[in-house]
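Here the structure comes first, spelled out in structure tokens, and everything after it is commentary.
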Amino acid sequence: LIVVASSQTLSTEVNALLVLKGQWEDARGNLASWNASSQNAPCSWRGITCNNSLVISLSIPGLLRGGNLSSAIAGLPKLTVLDLSNNFLSASIP
């Protein structure tokens with residue numbers, strides 16, 4: 001069985017990740033590659049791993065200086081790995 005992500009799913013994932021980025025303090029520009037117009041977004045972004053064009057991993061330990069984790073994370077339905085350690089984030093996992 002081969003699953004191919006629809007453009008709607010990709011758009012939803014890009015939007016979810018950009019919402020999350022907007023709530024994080026990225027003073028050093030570590031997430032500068034997180035740009036909707038970048039080629040192969042979001043799979044080419046730093047800290048993102050995809051399988052069949054769907055985000056399965058978000059791993060950015062120690063890259064942020066604070067912020068919140070919002071319910072936008074639910075926009076990543078195939079996410080199985082989440083590593084936000086050492087980022088000084090507040091709020092519980094939604």
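We label chains A, B, ... in the order they appear in the structure tokens, count residues from 1 in each chain, and number ligands from 1 in the order shown.
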
Just want the 12 Å neighbourhood of Asp26 of chain A, counted on only C-alpha atoms, with same-chain residues fewer than 5 positions away dropped. Output as a list in words.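 Neighbouring residues, sequence-local ones excluded: Leu20, Lys21, Leu31, Ala32, Ser33, Trp34, Ile60, Gly62, Leu63, Leu64, Arg65, Gly66, Gly67, Asn68, Asn87, Phe88 and Leu89 of chain A.
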
I'd like the contact shell of Asn35 of chain A - 12 Å cut-off, only C-alpha atoms, skipping same-chain residues fewer than 2 positions apart - returned as a list in words. Val14, Asn15, Leu17, Leu18, Val19, Lys21, Gly22, Gly29, Leu31, Ala32, Ser33, Ser37, Ser38, Gln39, Asn40, Ala41, Pro42, Cys43, Ser44, Trp45 and Arg46 of chain A

Output for the residues just chosen: N, CA and C atoms as a PDB file, in the first residue's frame:
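again00.pdb, written as the output of this step:
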ATOM      1  N   VAL A  14       1.901  22.381   6.853  1.00  0.00           N
ATOM      2  CA  VAL A  14       2.692  23.618   6.758  1.00  0.00           C
ATOM      3  C   VAL A  14       2.077  24.680   7.652  1.00  0.00           C
ATOM      4  N   ASN A  15       0.781  24.866   7.559  1.00  0.00           N
ATOM      5  CA  ASN A  15       0.103  25.867   8.385  1.00  0.00           C
ATOM      6  C   ASN A  15       0.263  25.571   9.866  1.00  0.00           C
ATOM      7  N   LEU A  17       2.650  23.919  11.394  1.00  0.00           N
ATOM      8  CA  LEU A  17       4.034  24.173  11.807  1.00  0.00           C
ATOM      9  C   LEU A  17       4.334  25.667  11.870  1.00  0.00           C
ATOM     10  N   LEU A  18       3.789  26.440  10.948  1.00  0.00           N
ATOM     11  CA  LEU A  18       4.016  27.885  10.977  1.00  0.00           C
ATOM     12  C   LEU A  18       3.320  28.540  12.166  1.00  0.00           C
ATOM     13  N   VAL A  19       2.159  28.022  12.548  1.00  0.00           N
ATOM     14  CA  VAL A  19       1.489  28.517  13.762  1.00  0.00           C
ATOM     15  C   VAL A  19       2.361  28.222  14.975  1.00  0.00           C
ATOM     16  N   LYS A  21       5.620  27.722  15.054  1.00  0.00           N
ATOM     17  CA  LYS A  21       6.810  28.581  14.975  1.00  0.00           C
ATOM     18  C   LYS A  21       6.506  29.991  15.469  1.00  0.00           C
ATOM     19  N   GLY A  22       5.323  30.493  15.136  1.00  0.00           N
ATOM     20  CA  GLY A  22       4.929  31.835  15.549  1.00  0.00           C
ATOM     21  C   GLY A  22       4.769  31.985  17.052  1.00  0.00           C
ATOM     22  N   GLY A  29      17.311  32.364  14.890  1.00  0.00           N
ATOM     23  CA  GLY A  29      16.964  32.017  13.512  1.00  0.00           C
ATOM     24  C   GLY A  29      17.169  30.557  13.158  1.00  0.00           C
ATOM     25  N   LEU A  31      15.085  28.293  12.964  1.00  0.00           N
ATOM     26  CA  LEU A  31      13.992  27.763  12.146  1.00  0.00           C
ATOM     27  C   LEU A  31      13.761  28.624  10.899  1.00  0.00           C
ATOM     28  N   ALA A  32      14.810  29.282  10.434  1.00  0.00           N
ATOM     29  CA  ALA A  32      14.693  30.139   9.256  1.00  0.00           C
ATOM     30  C   ALA A  32      14.253  29.364   8.019  1.00  0.00           C
ATOM     31  N   SER A  33      14.559  28.083   7.966  1.00  0.00           N
ATOM     32  CA  SER A  33      14.156  27.269   6.809  1.00  0.00           C
ATOM     33  C   SER A  33      12.658  26.990   6.795  1.00  0.00           C
ATOM     34  N   SER A  37       7.169  28.895   1.308  1.00  0.00           N
ATOM     35  CA  SER A  37       7.544  28.902  -0.101  1.00  0.00           C
ATOM     36  C   SER A  37       8.791  28.067  -0.397  1.00  0.00           C
ATOM     37  N   SER A  38       9.404  27.495   0.634  1.00  0.00           N
ATOM     38  CA  SER A  38      10.597  26.694   0.390  1.00  0.00           C
ATOM     39  C   SER A  38      10.237  25.399  -0.334  1.00  0.00           C
ATOM     40  N   GLN A  39      11.162  24.944  -1.151  1.00  0.00           N
ATOM     41  CA  GLN A  39      10.936  23.729  -1.921  1.00  0.00           C
ATOM     42  C   GLN A  39      10.764  22.539  -0.979  1.00  0.00           C
ATOM     43  N   ASN A  40       9.799  21.702  -1.268  1.00  0.00           N
ATOM     44  CA  ASN A  40       9.490  20.507  -0.479  1.00  0.00           C
ATOM     45  C   ASN A  40       9.069  20.817   0.953  1.00  0.00           C
ATOM     46  N   ALA A  41       8.450  21.976   1.166  1.00  0.00           N
ATOM     47  CA  ALA A  41       7.954  22.320   2.505  1.00  0.00           C
ATOM     48  C   ALA A  41       6.855  21.346   2.894  1.00  0.00           C
ATOM     49  N   PRO A  42       6.813  20.914   4.122  1.00  0.00           N
ATOM     50  CA  PRO A  42       7.721  21.184   5.227  1.00  0.00           C
ATOM     51  C   PRO A  42       8.833  20.146   5.369  1.00  0.00           C
ATOM     52  N   CYS A  43       8.883  19.180   4.456  1.00  0.00           N
ATOM     53  CA  CYS A  43       9.807  18.047   4.620  1.00  0.00           C
ATOM     54  C   CYS A  43      11.279  18.433   4.523  1.00  0.00           C
ATOM     55  N   SER A  44      11.571  19.583   3.940  1.00  0.00           N
ATOM     56  CA  SER A  44      12.960  20.040   3.835  1.00  0.00           C
ATOM     57  C   SER A  44      13.363  20.937   4.998  1.00  0.00           C
ATOM     58  N   TRP A  45      12.441  21.203   5.907  1.00  0.00           N
ATOM     59  CA  TRP A  45      12.719  22.122   7.000  1.00  0.00           C
ATOM     60  C   TRP A  45      13.583  21.467   8.080  1.00  0.00           C
ATOM     61  N   ARG A  46      14.372  22.277   8.742  1.00  0.00           N
ATOM     62  CA  ARG A  46      15.223  21.804   9.835  1.00  0.00           C
ATOM     63  C   ARG A  46      14.369  21.165  10.928  1.00  0.00           C
TER      64      ARG A  46
END

When DSSP is applied to the backbone of this structure, which of chain A are assigned helix (DSSP H, G or I)? Write them out as a list in words.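 These are the residues in question: Ser7, Gln8, Thr9, Leu10, Ser11, Thr12, Glu13, Val14, Asn15, Ala16, Leu17, Leu18, Val19, Leu20, Lys21, Gly22, Ser71, Ala72, Ile73, Ala74 and Gly75 of chain A.
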
Nearest residue to Thr80 of chain A from the set A:Leu54, A:Ala36, A:Ala27, A:Ala16 (distances using only C-alpha atoms):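 Nearest candidate to Thr80 of chain A out of A:Leu54, A:Ala36, A:Ala27, A:Ala16: A:Leu54.
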
How far is it from atom CA of Glu13 of chain A to atom CA of Ser90 of chain A, in Å with one decimal?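 Pair atom CA of Glu13 of chain A / atom CA of Ser90 of chain A returns 22.1 Å.
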
Point-to-point distance in Å for atom CA of Asn30 of chain A and atom CA of Val55 of chain A: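 Taking atom CA of Val55 of chain A as the start and atom CA of Asn30 of chain A as the end point, the length is 18.6 Å.
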
Val81 of chain A environment, 8 Å, only C-alpha atoms, sequence neighbours closer than 4 positions dropped, as a CSV table (one decimal) with N, CA and C atoms, in the first residue's frame:
chain,number,residue,atom,x,y,z
A,56,ILE,N,6.4,13.0,10.2
A,56,ILE,CA,6.3,12.0,11.2
A,56,ILE,C,7.2,12.3,12.4
A,57,SER,N,8.1,13.3,12.3
A,57,SER,CA,8.9,13.6,13.4
A,57,SER,C,9.2,15.1,13.4
A,58,LEU,N,9.2,15.7,14.6
A,58,LEU,CA,9.5,17.1,14.8
A,58,LEU,C,10.5,17.1,16.0
A,59,SER,N,11.8,17.3,15.6
A,59,SER,CA,12.9,17.2,16.6
A,59,SER,C,13.8,18.4,16.5

Could you tell me, as number ranges by chain, which residues of segment 6-72 of chain A DSSP assigns to strand (DSSP E or B) when given the backbone? A: 24, 48-51, 54-59, 67-68

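Computed from the coordinates, the atom CA of Arg28 of chain A to atom CA of Gly75 of chain A distance equals 25.5 Å.
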